$ cat work_13.txt   # compact mmCIF, C-alpha atoms (C1' of nucleotides)
# COMPACT_ATOMS: atom_id res chain seq x y z
CA MET A 1 -34.67 -36.43 -11.48
CA TYR A 2 -36.99 -37.29 -8.65
CA VAL A 3 -39.95 -35.12 -7.79
CA THR A 4 -40.48 -34.92 -4.03
CA ARG A 5 -43.86 -34.49 -2.34
CA LYS A 6 -42.86 -30.91 -1.70
CA ALA A 7 -42.39 -30.14 -5.39
CA ASP A 8 -45.52 -32.08 -6.24
CA TYR A 9 -47.49 -29.96 -3.77
CA ALA A 10 -45.90 -26.84 -5.20
CA ILE A 11 -47.15 -27.77 -8.64
CA ARG A 12 -50.71 -28.36 -7.39
CA CYS A 13 -50.50 -25.09 -5.57
CA VAL A 14 -49.41 -23.08 -8.62
CA LEU A 15 -52.08 -24.85 -10.63
CA TYR A 16 -54.72 -23.78 -8.15
CA MET A 17 -53.48 -20.22 -8.21
CA THR A 18 -53.48 -20.24 -11.99
CA LYS A 19 -57.17 -21.05 -11.89
CA ASN A 20 -57.63 -18.11 -9.54
CA THR A 21 -55.26 -15.66 -11.16
CA TRP A 22 -55.31 -12.11 -9.89
CA ARG A 23 -57.20 -13.15 -6.77
CA VAL A 24 -55.43 -13.35 -3.42
CA THR A 25 -55.68 -16.88 -2.05
CA SER A 26 -54.77 -17.84 1.51
CA VAL A 27 -52.64 -20.81 2.56
CA ASP A 28 -55.73 -22.17 4.27
CA GLU A 29 -57.79 -22.07 1.10
CA ILE A 30 -55.12 -23.74 -1.08
CA SER A 31 -54.40 -26.26 1.63
CA ASN A 32 -58.02 -27.36 1.78
CA ALA A 33 -58.56 -27.36 -1.95
CA MET A 34 -55.38 -29.25 -2.85
CA TYR A 35 -55.09 -31.67 0.09
CA VAL A 36 -51.75 -30.32 1.28
CA PRO A 37 -50.90 -29.94 5.00
CA LYS A 38 -51.22 -26.26 5.84
CA SER A 39 -47.96 -25.61 7.68
CA PHE A 40 -46.06 -27.56 5.07
CA LEU A 41 -47.68 -25.58 2.30
CA ALA A 42 -46.70 -22.35 4.03
CA LYS A 43 -43.06 -23.40 3.70
CA ILE A 44 -43.52 -24.28 0.06
CA LEU A 45 -45.05 -20.90 -0.69
CA GLN A 46 -42.09 -19.21 0.92
CA ARG A 47 -39.82 -20.96 -1.54
CA LEU A 48 -42.04 -20.02 -4.46
CA MET A 49 -41.78 -16.44 -3.19
CA LYS A 50 -37.99 -16.50 -3.25
CA ALA A 51 -38.12 -17.86 -6.80
CA GLY A 52 -40.37 -14.99 -7.83
CA ILE A 53 -43.21 -17.27 -8.86
CA VAL A 54 -45.71 -15.98 -6.32
CA SER A 55 -46.06 -12.78 -4.31
CA SER A 56 -47.62 -12.35 -0.90
CA THR A 57 -49.78 -9.85 0.93
CA ARG A 58 -49.54 -9.83 4.71
CA GLY A 59 -52.18 -9.06 7.28
CA ILE A 60 -55.84 -9.90 7.44
CA LYS A 61 -57.31 -10.62 4.00
CA GLY A 62 -53.75 -11.34 2.94
CA GLY A 63 -52.50 -14.33 1.00
CA PHE A 64 -50.69 -15.27 -2.14
CA GLN A 65 -51.06 -14.72 -5.84
CA LEU A 66 -49.01 -15.48 -8.91
CA ALA A 67 -46.25 -13.01 -9.62
CA LYS A 68 -46.16 -13.90 -13.31
CA ASP A 69 -48.45 -14.78 -16.14
CA PRO A 70 -49.24 -18.53 -15.92
CA LYS A 71 -48.00 -19.05 -19.46
CA ASP A 72 -44.59 -17.86 -18.31
CA ILE A 73 -44.32 -20.40 -15.51
CA ASN A 74 -43.24 -23.91 -16.44
CA LEU A 75 -43.00 -27.16 -14.50
CA LEU A 76 -39.20 -27.24 -14.40
CA GLU A 77 -39.06 -23.81 -12.85
CA VAL A 78 -41.49 -24.74 -10.07
CA ILE A 79 -39.68 -28.00 -9.34
CA GLU A 80 -36.31 -26.28 -9.21
CA ALA A 81 -37.67 -23.53 -6.98
CA ILE A 82 -38.44 -26.24 -4.42
CA GLN A 83 -35.73 -28.84 -4.72
CA GLY A 84 -32.99 -27.14 -6.68
CA VAL A 85 -31.50 -28.69 -9.77
CA SER A 86 -31.77 -32.43 -10.05
CA ALA A 87 -31.04 -35.25 -12.47
CA ALA A 88 -31.26 -39.01 -12.71
CA ASN A 89 -27.67 -39.24 -11.54
CA ILE A 90 -25.70 -36.70 -9.52
CA CYS A 91 -22.88 -36.82 -12.03
CA ALA A 92 -25.21 -35.22 -14.59
CA ILE A 93 -25.46 -32.17 -12.33
CA ASP A 94 -21.83 -31.81 -11.35
CA SER A 95 -19.24 -34.07 -12.90
CA ARG A 96 -16.88 -33.36 -10.02
CA LEU A 97 -19.16 -35.51 -7.87
CA CYS A 98 -18.08 -38.62 -9.78
CA ARG A 99 -14.51 -39.80 -9.52
CA LEU A 100 -14.79 -41.63 -12.81
CA SER A 101 -16.35 -38.86 -14.82
CA GLY A 102 -14.46 -37.83 -17.87
CA ARG A 103 -13.46 -41.44 -18.29
CA CYS A 104 -16.97 -42.75 -17.71
CA THR A 105 -18.89 -44.12 -20.67
CA VAL A 106 -22.22 -43.82 -18.96
CA HIS A 107 -21.86 -40.16 -18.06
CA PRO A 108 -23.00 -38.76 -21.45
CA ILE A 109 -26.14 -40.87 -21.17
CA TRP A 110 -27.12 -39.27 -17.86
CA VAL A 111 -26.52 -35.87 -19.37
CA LYS A 112 -28.66 -36.70 -22.40
CA ILE A 113 -31.49 -38.00 -20.22
CA ARG A 114 -31.34 -34.92 -18.04
CA GLU A 115 -31.60 -32.70 -21.09
CA LYS A 116 -34.59 -34.61 -22.45
CA VAL A 117 -36.44 -34.53 -19.14
CA GLU A 118 -35.78 -30.83 -18.65
CA LYS A 119 -36.96 -30.11 -22.16
CA GLU A 120 -40.24 -31.90 -21.49
CA LEU A 121 -40.75 -30.05 -18.21
CA LYS A 122 -39.99 -26.69 -19.76
CA LYS A 123 -42.59 -27.28 -22.45
CA GLU A 124 -45.34 -27.49 -19.86
CA ASN A 125 -46.53 -24.07 -18.81
CA PHE A 126 -49.35 -23.47 -16.36
CA GLU A 127 -51.72 -21.81 -18.76
CA LYS A 128 -51.63 -25.02 -20.78
CA LEU A 129 -51.95 -27.21 -17.70
CA ALA A 130 -54.86 -25.27 -16.26
CA LYS A 131 -56.82 -25.59 -19.49
CA LYS A 132 -56.71 -29.36 -19.21
CA SER A 133 -57.29 -29.37 -15.48
CA ARG A 134 -60.41 -30.56 -13.74
CA ILE A 135 -59.22 -29.95 -10.17
CA MET B 1 -36.14 -41.83 -11.85
CA TYR B 2 -33.18 -41.46 -9.57
CA VAL B 3 -30.10 -43.64 -9.85
CA THR B 4 -28.66 -44.50 -6.44
CA ARG B 5 -24.98 -45.16 -5.75
CA LYS B 6 -25.87 -48.81 -5.56
CA ALA B 7 -27.26 -48.90 -9.09
CA ASP B 8 -24.41 -46.76 -10.32
CA TYR B 9 -21.92 -49.24 -8.85
CA ALA B 10 -23.88 -52.10 -10.42
CA ILE B 11 -23.49 -50.51 -13.83
CA ARG B 12 -19.74 -50.06 -13.39
CA CYS B 13 -19.57 -53.62 -12.24
CA VAL B 14 -21.43 -55.05 -15.24
CA LEU B 15 -19.30 -52.86 -17.47
CA TYR B 16 -16.14 -54.32 -15.96
CA MET B 17 -17.45 -57.83 -16.39
CA THR B 18 -18.37 -57.11 -19.98
CA LYS B 19 -14.77 -56.24 -20.66
CA ASN B 20 -13.82 -59.55 -19.08
CA THR B 21 -16.58 -61.70 -20.48
CA TRP B 22 -16.26 -65.46 -19.96
CA ARG B 23 -13.65 -64.94 -17.27
CA VAL B 24 -14.51 -65.43 -13.62
CA THR B 25 -13.85 -62.22 -11.70
CA SER B 26 -13.85 -61.95 -7.91
CA VAL B 27 -15.57 -59.31 -5.83
CA ASP B 28 -12.15 -58.21 -4.70
CA GLU B 29 -10.93 -57.67 -8.24
CA ILE B 30 -13.99 -55.70 -9.33
CA SER B 31 -13.98 -53.74 -6.10
CA ASN B 32 -10.41 -52.60 -6.64
CA ALA B 33 -10.81 -51.88 -10.32
CA MET B 34 -14.07 -49.94 -10.03
CA TYR B 35 -13.56 -48.10 -6.71
CA VAL B 36 -16.54 -49.75 -5.01
CA PRO B 37 -16.45 -50.87 -1.34
CA LYS B 38 -16.03 -54.65 -1.33
CA SER B 39 -18.76 -55.69 1.08
CA PHE B 40 -21.20 -53.32 -0.56
CA LEU B 41 -20.35 -54.70 -3.96
CA ALA B 42 -20.95 -58.23 -2.68
CA LYS B 43 -24.54 -57.21 -1.92
CA ILE B 44 -24.95 -55.65 -5.32
CA LEU B 45 -23.73 -58.77 -7.04
CA GLN B 46 -26.24 -60.83 -5.10
CA ARG B 47 -29.01 -58.70 -6.55
CA LEU B 48 -27.60 -59.02 -10.05
CA MET B 49 -27.61 -62.77 -9.46
CA LYS B 50 -31.30 -62.81 -8.58
CA ALA B 51 -32.03 -60.79 -11.70
CA GLY B 52 -30.18 -63.37 -13.79
CA ILE B 53 -27.62 -60.87 -15.03
CA VAL B 54 -24.59 -62.55 -13.48
CA SER B 55 -23.83 -66.05 -12.27
CA SER B 56 -21.47 -67.08 -9.48
CA THR B 57 -19.01 -69.81 -8.72
CA ARG B 58 -18.29 -70.53 -5.07
CA GLY B 59 -15.12 -71.70 -3.43
CA ILE B 60 -11.52 -70.84 -4.03
CA LYS B 61 -10.94 -69.44 -7.53
CA GLY B 62 -14.63 -68.64 -7.52
CA GLY B 63 -16.24 -65.36 -8.50
CA PHE B 64 -18.77 -63.89 -10.87
CA GLN B 65 -19.31 -63.73 -14.58
CA LEU B 66 -22.05 -62.46 -16.83
CA ALA B 67 -24.95 -64.83 -17.28
CA LYS B 68 -25.94 -63.28 -20.60
CA ASP B 69 -24.41 -61.82 -23.69
CA PRO B 70 -23.50 -58.16 -22.99
CA LYS B 71 -25.57 -57.02 -25.96
CA ASP B 72 -28.62 -58.50 -24.23
CA ILE B 73 -28.12 -56.53 -21.02
CA ASN B 74 -29.32 -52.95 -20.97
CA LEU B 75 -29.00 -50.11 -18.48
CA LEU B 76 -32.66 -50.15 -17.41
CA GLU B 77 -32.48 -53.81 -16.53
CA VAL B 78 -29.42 -53.35 -14.33
CA ILE B 79 -30.91 -50.33 -12.59
CA GLU B 80 -34.19 -52.13 -11.94
CA ALA B 81 -32.38 -55.20 -10.67
CA ILE B 82 -30.93 -53.03 -7.93
CA GLN B 83 -33.56 -50.48 -7.06
CA GLY B 84 -36.76 -51.85 -8.55
CA VAL B 85 -38.95 -49.79 -10.82
CA SER B 86 -38.66 -46.04 -10.48
CA ALA B 87 -39.90 -42.85 -12.06
CA ALA B 88 -39.65 -39.10 -11.64
CA ASN B 89 -42.85 -39.17 -9.60
CA ILE B 90 -44.30 -42.07 -7.65
CA CYS B 91 -47.66 -41.57 -9.34
CA ALA B 92 -46.08 -42.62 -12.63
CA ILE B 93 -45.35 -46.03 -11.13
CA ASP B 94 -48.62 -46.65 -9.34
CA SER B 95 -51.46 -44.20 -9.77
CA ARG B 96 -53.06 -45.46 -6.53
CA LEU B 97 -50.25 -43.70 -4.69
CA CYS B 98 -51.67 -40.32 -5.64
CA ARG B 99 -55.04 -39.29 -4.28
CA LEU B 100 -55.57 -36.90 -7.16
CA SER B 101 -54.63 -39.23 -9.94
CA GLY B 102 -57.25 -39.73 -12.57
CA ARG B 103 -58.22 -36.11 -12.07
CA CYS B 104 -54.65 -34.84 -12.17
CA THR B 105 -53.49 -32.89 -15.19
CA VAL B 106 -49.84 -33.41 -14.45
CA HIS B 107 -50.05 -37.19 -14.17
CA PRO B 108 -49.84 -37.91 -17.93
CA ILE B 109 -46.67 -35.80 -18.05
CA TRP B 110 -44.93 -37.97 -15.46
CA VAL B 111 -45.98 -41.06 -17.36
CA LYS B 112 -44.64 -39.64 -20.62
CA ILE B 113 -41.32 -38.70 -19.03
CA ARG B 114 -41.00 -42.11 -17.46
CA GLU B 115 -41.56 -43.75 -20.85
CA LYS B 116 -38.97 -41.54 -22.53
CA VAL B 117 -36.35 -42.19 -19.88
CA GLU B 118 -36.95 -45.93 -19.92
CA LYS B 119 -36.70 -45.97 -23.70
CA GLU B 120 -33.32 -44.24 -23.54
CA LEU B 121 -32.04 -46.63 -20.89
CA LYS B 122 -33.23 -49.68 -22.81
CA LYS B 123 -31.37 -48.52 -25.90
CA GLU B 124 -28.06 -48.73 -24.09
CA ASN B 125 -26.72 -52.27 -24.01
CA PHE B 126 -23.39 -53.22 -22.50
CA GLU B 127 -21.74 -54.36 -25.69
CA LYS B 128 -22.27 -50.82 -26.99
CA LEU B 129 -21.13 -49.24 -23.72
CA ALA B 130 -18.00 -51.35 -23.44
CA LYS B 131 -16.91 -50.39 -26.95
CA LYS B 132 -16.85 -46.74 -25.94
CA SER B 133 -15.39 -47.40 -22.53
CA ARG B 134 -11.92 -46.47 -21.45
CA ILE B 135 -12.17 -47.81 -17.89
C1' DT C 1 -56.89 1.29 19.07
C1' DT C 2 -57.29 -3.23 19.73
C1' DT C 3 -58.18 -7.68 17.82
C1' DA C 4 -57.91 -11.33 14.86
C1' DA C 5 -56.62 -13.22 10.49
C1' DA C 6 -52.95 -13.94 7.85
C1' DC C 7 -47.91 -14.34 6.39
C1' DA C 8 -42.52 -14.95 8.04
C1' DG C 9 -39.20 -17.70 9.53
C1' DG C 10 -36.50 -20.51 12.48
C1' DA C 11 -36.23 -24.61 15.34
C1' DC C 12 -37.58 -29.04 15.95
C1' DT C 13 -38.93 -34.07 15.00
C1' DA C 14 -40.20 -38.62 13.14
C1' DT C 15 -39.73 -41.68 9.44
C1' DT C 16 -37.57 -43.50 5.52
C1' DT C 17 -33.87 -44.17 2.46
C1' DT C 18 -29.21 -44.59 1.44
C1' DA C 19 -24.88 -46.38 1.87
C1' DG C 20 -22.55 -49.13 3.89
C1' DT C 21 -20.37 -52.73 7.56
C1' DC C 22 -20.06 -57.00 10.15
C1' DT C 23 -20.51 -61.60 11.25
C1' DT C 24 -21.32 -66.24 10.62
C1' DG C 25 -21.79 -69.85 7.52
C1' DT C 26 -21.02 -72.71 3.18
C1' DT C 27 -18.45 -74.18 -0.81
C1' DT C 28 -14.48 -75.71 -3.25
C1' DT C 29 -9.85 -76.35 -4.80
C1' DA C 30 -5.03 -76.81 -4.02
C1' DT D 1 -7.74 -79.51 5.74
C1' DA D 2 -6.75 -74.75 5.25
C1' DA D 3 -7.62 -70.80 2.81
C1' DA D 4 -10.02 -68.21 -0.57
C1' DA D 5 -14.16 -67.08 -2.17
C1' DC D 6 -19.39 -66.48 -2.26
C1' DA D 7 -24.16 -66.32 0.74
C1' DA D 8 -27.09 -64.10 3.57
C1' DG D 9 -28.93 -61.80 7.36
C1' DA D 10 -28.41 -58.39 10.99
C1' DC D 11 -26.82 -54.16 12.06
C1' DT D 12 -25.62 -49.04 11.81
C1' DA D 13 -24.67 -44.11 10.68
C1' DA D 14 -25.85 -40.37 8.06
C1' DA D 15 -28.74 -37.93 5.07
C1' DA D 16 -33.05 -36.76 3.04
C1' DT D 17 -37.93 -36.36 3.34
C1' DA D 18 -42.05 -34.85 5.18
C1' DG D 19 -43.77 -32.50 8.20
C1' DT D 20 -44.94 -29.74 12.88
C1' DC D 21 -44.59 -25.99 16.15
C1' DC D 22 -43.82 -21.70 18.00
C1' DT D 23 -42.93 -17.00 18.18
C1' DG D 24 -43.03 -13.26 15.72
C1' DT D 25 -44.90 -9.23 12.38
C1' DT D 26 -48.31 -7.11 9.47
C1' DT D 27 -52.68 -5.10 8.46
C1' DA D 28 -57.83 -4.61 7.74
C1' DA D 29 -61.72 -3.94 10.20
C1' DA D 30 -64.62 -3.45 14.29
$ encode --input "work_13.txt" --output "structure tokens"
Amino acid sequence: MYVTRKADYAIRCVLYMTKNTWRVTSVDEISNAMYVPKSFLAKILQRLMKAGIVSSTRGIKGGFQLAKDPKDINLLEVIEAIQGVSAANICAIDSRLCRLSGRCTVHPIWVKIREKVEKELKKENFEKLAKKSRI
Amino acid sequence: MYVTRKADYAIRCVLYMTKNTWRVTSVDEISNAMYVPKSFLAKILQRLMKAGIVSSTRGIKGGFQLAKDPKDINLLEVIEAIQGVSAANICAIDSRLCRLSGRCTVHPIWVKIREKVEKELKKENFEKLAKKSRI
DNA sequence: TTTAAACAGGACTATTTTAGTCTTGTTTTA
DNA sequence: TAAAACAAGACTAAAATAGTCCTGTTTAAA
């Protein structure tokens, strides 16, 4: 499980929107507030759209807003919206990717770690995060 | 925390050597047994050398053997010997790498996850792994 | 009705990392 | 002294990461 810059930006972005729930925020605004390159952020928001996490309004005065209640959005979901499923070791995602799997002693350990990490990430919803947030 | 092929091969390699403790094994032998490209494995073994996990004997009939008791070698140590320290998010390794850290709500979560993963990996020593192993 | 602000989406690019290979040299034992 | 084995650095191809850019389309407001 490695969190890319893209997913990290996505998290900041959802966090910002959580603090401005029900208000339409533009890419430009989020970009400036969260120190994320604008055109890169636009791509990220498109992915969050496809995942149903945000919704968009086009045209002047348009922008993005959360499509769900912040308490129903967790970290894992945002990360996976951006980079797909991931794990410490590819074999923990798809055992076919490892020619030793099935016979491999280490395999169950990767699976266990993946489960633990995903559990932690699922526990963290954005309502909770925003309460603690100072940015 | 992402485990590269290199670290994955290193683990297989240490596992093989654990099952042949006190015997000198050549790169060629391990390479064939563990399905790892020979010249790549040679590089990996050099790293394990520097980390003090294996020792080498040069010349004909030379090769590698574990430099420590398998029960004193854990997964984390082998992974870090190959790829250095890692975490789900770079900010969990060095908070200076994140311009929001200190103010970032998500930062403590990455740190917690890193700690949990490292704890799991430290628990797994090679004596234990070899007992379960069928390869 | 036109203009400008904003999203949509595809193509493109530079940099870094990953996963190796290759070559030349040194050691050691039979 | 030849061959088998490690040592170490240079090299390379492919993939992933981190963006940028450009050409559209939409829509509120002047």
$ residues_near_point --input "work_13.txt" --point "(-27.5, -61.3, -12.2)" --cutoff "9 Å" --atoms "all atoms listed in the file" --output "number ranges by chain"
B: 45-56, 65-68, 78, 81
$ interface_residues --input "work_13.txt" --of "chain C" --to "chain B" --cutoff "8 Å" --atoms "only C-alpha atoms (C1' of nucleotides)" --output "list of chain:residue names"
C:DT18, C:DA19, C:DG20, C:DT21, C:DT27, C:DT28, C:DT29
$ closest_atom_pairs --input "work_13.txt" --of "chain D" --to "chain B" --cutoff "12 Å" --atoms "all atoms listed in the file" --output "Markdown table"
| residue | atom | partner | partner_atom | distance |
| --- | --- | --- | --- | --- |
| D:DA2 | C1' | B:Ile60 | CA | 11.1 |
| D:DA3 | C1' | B:Ile60 | CA | 7.9 |
| D:DA4 | C1' | B:Ile60 | CA | 4.6 |
| D:DA5 | C1' | B:Gly59 | CA | 4.9 |
| D:DC6 | C1' | B:Arg58 | CA | 5.1 |
| D:DA7 | C1' | B:Gln46 | CA | 8.3 |
| D:DA8 | C1' | B:Lys43 | CA | 9.2 |
| D:DG9 | C1' | B:Lys43 | CA | 11.2 |
$ atom_distance --input "work_13.txt" --atom1 "C1' of DT20 in chain D" --atom2 "C1' of DA14 in chain C"
10.1 Å
$ closest_atom_pairs --input "work_13.txt" --of "chain B" --to "chain A" --cutoff "7 Å" --atoms "only C-alpha atoms" --output "CSV"
residue,atom,partner,partner_atom,distance
B:Met1,CA,A:Met1,CA,5.6
B:Tyr2,CA,A:Ala88,CA,4.4
B:Val3,CA,A:Asn89,CA,5.3
B:Ala88,CA,A:Tyr2,CA,4.4
B:Asn89,CA,A:Val3,CA,5.3
B:Arg103,CA,A:Arg134,CA,6.2
B:Cys104,CA,A:Ser133,CA,6.9
B:Thr105,CA,A:Ser133,CA,5.2
B:Ile113,CA,A:Val117,CA,6.4
B:Val117,CA,A:Ile113,CA,6.4
B:Leu129,CA,A:Thr105,CA,6.4
B:Lys132,CA,A:Thr105,CA,6.2
B:Ser133,CA,A:Thr105,CA,5.1
B:Arg134,CA,A:Arg103,CA,6.1
B:Ile135,CA,A:Arg103,CA,6.5
$ calpha_fit_and_write --input "work_13.txt" --fixed "chain A" --moving "chain B" --output "short mmCIF file (atom, residue, chain, number, x, y, z; two decimals) with C-alpha atoms, in the frame of the given file"
data_model
loop_
_atom_site.label_atom_id
_atom_site.label_comp_id
_atom_site.auth_asym_id
_atom_site.auth_seq_id
_atom_site.Cartn_x
_atom_site.Cartn_y
_atom_site.Cartn_z
CA MET B 1 -34.65 -36.37 -11.53
CA TYR B 2 -36.96 -37.23 -8.70
CA VAL B 3 -39.96 -35.10 -7.79
CA THR B 4 -40.49 -34.93 -4.03
CA ARG B 5 -43.87 -34.50 -2.34
CA LYS B 6 -42.87 -30.93 -1.70
CA ALA B 7 -42.39 -30.15 -5.38
CA ASP B 8 -45.51 -32.08 -6.24
CA TYR B 9 -47.50 -29.98 -3.76
CA ALA B 10 -45.92 -26.83 -5.21
CA ILE B 11 -47.18 -27.76 -8.65
CA ARG B 12 -50.71 -28.37 -7.38
CA CYS B 13 -50.50 -25.10 -5.58
CA VAL B 14 -49.41 -23.09 -8.63
CA LEU B 15 -52.08 -24.87 -10.63
CA TYR B 16 -54.73 -23.79 -8.14
CA MET B 17 -53.48 -20.23 -8.21
CA THR B 18 -53.50 -20.25 -11.99
CA LYS B 19 -57.18 -21.05 -11.90
CA ASN B 20 -57.62 -18.12 -9.55
CA THR B 21 -55.24 -15.69 -11.16
CA TRP B 22 -55.33 -12.10 -9.88
CA ARG B 23 -57.20 -13.17 -6.78
CA VAL B 24 -55.45 -13.35 -3.43
CA THR B 25 -55.70 -16.88 -2.04
CA SER B 26 -54.76 -17.86 1.51
CA VAL B 27 -52.65 -20.80 2.57
CA ASP B 28 -55.71 -22.17 4.29
CA GLU B 29 -57.78 -22.07 1.12
CA ILE B 30 -55.13 -23.73 -1.04
CA SER B 31 -54.39 -26.26 1.66
CA ASN B 32 -58.01 -27.36 1.82
CA ALA B 33 -58.55 -27.36 -1.91
CA MET B 34 -55.37 -29.25 -2.81
CA TYR B 35 -55.09 -31.69 0.13
CA VAL B 36 -51.74 -30.32 1.32
CA PRO B 37 -50.89 -29.91 5.04
CA LYS B 38 -51.20 -26.21 5.86
CA SER B 39 -47.93 -25.58 7.67
CA PHE B 40 -46.04 -27.54 5.06
CA LEU B 41 -47.67 -25.57 2.30
CA ALA B 42 -46.68 -22.33 4.03
CA LYS B 43 -43.04 -23.39 3.67
CA ILE B 44 -43.53 -24.28 0.04
CA LEU B 45 -45.06 -20.92 -0.71
CA GLN B 46 -42.10 -19.20 0.90
CA ARG B 47 -39.82 -20.96 -1.57
CA LEU B 48 -42.05 -20.02 -4.48
CA MET B 49 -41.80 -16.45 -3.22
CA LYS B 50 -38.01 -16.49 -3.29
CA ALA B 51 -38.13 -17.87 -6.82
CA GLY B 52 -40.37 -14.99 -7.86
CA ILE B 53 -43.22 -17.27 -8.87
CA VAL B 54 -45.73 -15.98 -6.33
CA SER B 55 -46.08 -12.79 -4.34
CA SER B 56 -47.65 -12.35 -0.91
CA THR B 57 -49.77 -9.87 0.93
CA ARG B 58 -49.55 -9.86 4.72
CA GLY B 59 -52.18 -9.09 7.28
CA ILE B 60 -55.84 -9.91 7.44
CA LYS B 61 -57.30 -10.64 4.00
CA GLY B 62 -53.75 -11.34 2.94
CA GLY B 63 -52.51 -14.34 1.00
CA PHE B 64 -50.68 -15.29 -2.16
CA GLN B 65 -51.09 -14.73 -5.85
CA LEU B 66 -49.02 -15.50 -8.91
CA ALA B 67 -46.27 -13.02 -9.61
CA LYS B 68 -46.17 -13.90 -13.30
CA ASP B 69 -48.45 -14.79 -16.13
CA PRO B 70 -49.25 -18.53 -15.92
CA LYS B 71 -48.01 -19.05 -19.47
CA ASP B 72 -44.59 -17.85 -18.31
CA ILE B 73 -44.33 -20.40 -15.50
CA ASN B 74 -43.24 -23.89 -16.42
CA LEU B 75 -43.01 -27.16 -14.51
CA LEU B 76 -39.19 -27.24 -14.39
CA GLU B 77 -39.06 -23.81 -12.83
CA VAL B 78 -41.49 -24.74 -10.06
CA ILE B 79 -39.69 -28.00 -9.34
CA GLU B 80 -36.31 -26.28 -9.20
CA ALA B 81 -37.67 -23.55 -6.97
CA ILE B 82 -38.45 -26.22 -4.41
CA GLN B 83 -35.75 -28.83 -4.72
CA GLY B 84 -32.99 -27.13 -6.67
CA VAL B 85 -31.48 -28.68 -9.76
CA SER B 86 -31.77 -32.43 -10.06
CA ALA B 87 -31.04 -35.24 -12.47
CA ALA B 88 -31.27 -39.01 -12.71
CA ASN B 89 -27.66 -39.25 -11.55
CA ILE B 90 -25.70 -36.73 -9.52
CA CYS B 91 -22.88 -36.83 -12.05
CA ALA B 92 -25.20 -35.22 -14.59
CA ILE B 93 -25.45 -32.17 -12.34
CA ASP B 94 -21.82 -31.82 -11.34
CA SER B 95 -19.24 -34.08 -12.91
CA ARG B 96 -16.86 -33.41 -9.99
CA LEU B 97 -19.17 -35.55 -7.88
CA CYS B 98 -18.11 -38.66 -9.76
CA ARG B 99 -14.53 -39.85 -9.50
CA LEU B 100 -14.79 -41.64 -12.82
CA SER B 101 -16.34 -38.86 -14.79
CA GLY B 102 -14.44 -37.81 -17.85
CA ARG B 103 -13.47 -41.44 -18.29
CA CYS B 104 -16.98 -42.75 -17.73
CA THR B 105 -18.90 -44.13 -20.68
CA VAL B 106 -22.24 -43.84 -18.98
CA HIS B 107 -21.87 -40.17 -18.05
CA PRO B 108 -22.99 -38.77 -21.44
CA ILE B 109 -26.14 -40.89 -21.16
CA TRP B 110 -27.13 -39.28 -17.86
CA VAL B 111 -26.51 -35.87 -19.35
CA LYS B 112 -28.65 -36.68 -22.38
CA ILE B 113 -31.49 -37.98 -20.22
CA ARG B 114 -31.33 -34.93 -18.02
CA GLU B 115 -31.59 -32.67 -21.07
CA LYS B 116 -34.57 -34.59 -22.44
CA VAL B 117 -36.43 -34.50 -19.15
CA GLU B 118 -35.77 -30.81 -18.63
CA LYS B 119 -36.95 -30.07 -22.16
CA GLU B 120 -40.22 -31.88 -21.49
CA LEU B 121 -40.75 -30.05 -18.21
CA LYS B 122 -39.99 -26.67 -19.76
CA LYS B 123 -42.59 -27.27 -22.45
CA GLU B 124 -45.34 -27.48 -19.87
CA ASN B 125 -46.53 -24.05 -18.80
CA PHE B 126 -49.36 -23.48 -16.36
CA GLU B 127 -51.72 -21.80 -18.77
CA LYS B 128 -51.62 -25.02 -20.80
CA LEU B 129 -51.95 -27.21 -17.70
CA ALA B 130 -54.86 -25.26 -16.26
CA LYS B 131 -56.81 -25.57 -19.51
CA LYS B 132 -56.71 -29.35 -19.22
CA SER B 133 -57.26 -29.37 -15.49
CA ARG B 134 -60.37 -30.57 -13.78
CA ILE B 135 -59.22 -29.91 -10.20
#
$ closest_residue --input "work_13.txt" --among "A:Ser31, A:His107, A:Ala92, A:Lys122" --to "Glu80 in chain A" --atoms "all atoms listed in the file"
A:Lys122
$ atom_distance --input "work_13.txt" --atom1 "C1' of DG24 in chain D" --atom2 "CA of Ala10 in chain A"
25.1 Å
$ closest_residue --input "work_13.txt" --among "D:DT1, D:DT23, D:DA29, D:DA18" --to "DT13 in chain C" --atoms "all atoms listed in the file"
D:DA18
$ decode --input "work_13.txt" --residues "range 10-29 of chain C" --atoms "C-alpha atoms (C1' of nucleotides)" --output "JSON list (two decimals), in the first residue's frame"
[["chain", "number", "residue", "atom", "x", "y", "z"],
["C", 10, "DG", "C1'", -7.65, 13.42, -24.33],
["C", 11, "DA", "C1'", -2.87, 13.89, -25.69],
["C", 12, "DC", "C1'", 1.51, 14.85, -24.35],
["C", 13, "DT", "C1'", 5.95, 15.09, -21.49],
["C", 14, "DA", "C1'", 9.66, 14.94, -18.02],
["C", 15, "DT", "C1'", 11.41, 12.63, -14.17],
["C", 16, "DT", "C1'", 11.97, 8.85, -11.21],
["C", 17, "DT", "C1'", 11.73, 4.16, -9.99],
["C", 18, "DT", "C1'", 11.91, -0.52, -11.00],
["C", 19, "DA", "C1'", 13.84, -4.45, -12.71],
["C", 20, "DG", "C1'", 17.14, -6.03, -14.63],
["C", 21, "DT", "C1'", 21.76, -6.90, -17.65],
["C", 22, "DC", "C1'", 26.63, -6.59, -18.75],
["C", 23, "DT", "C1'", 31.33, -6.26, -18.15],
["C", 24, "DT", "C1'", 35.53, -6.33, -15.91],
["C", 25, "DG", "C1'", 37.97, -7.60, -12.00],
["C", 26, "DT", "C1'", 39.35, -10.43, -7.79],
["C", 27, "DT", "C1'", 39.55, -14.57, -5.06],
["C", 28, "DT", "C1'", 40.32, -19.34, -4.23],
["C", 29, "DT", "C1'", 40.55, -24.23, -4.71]]
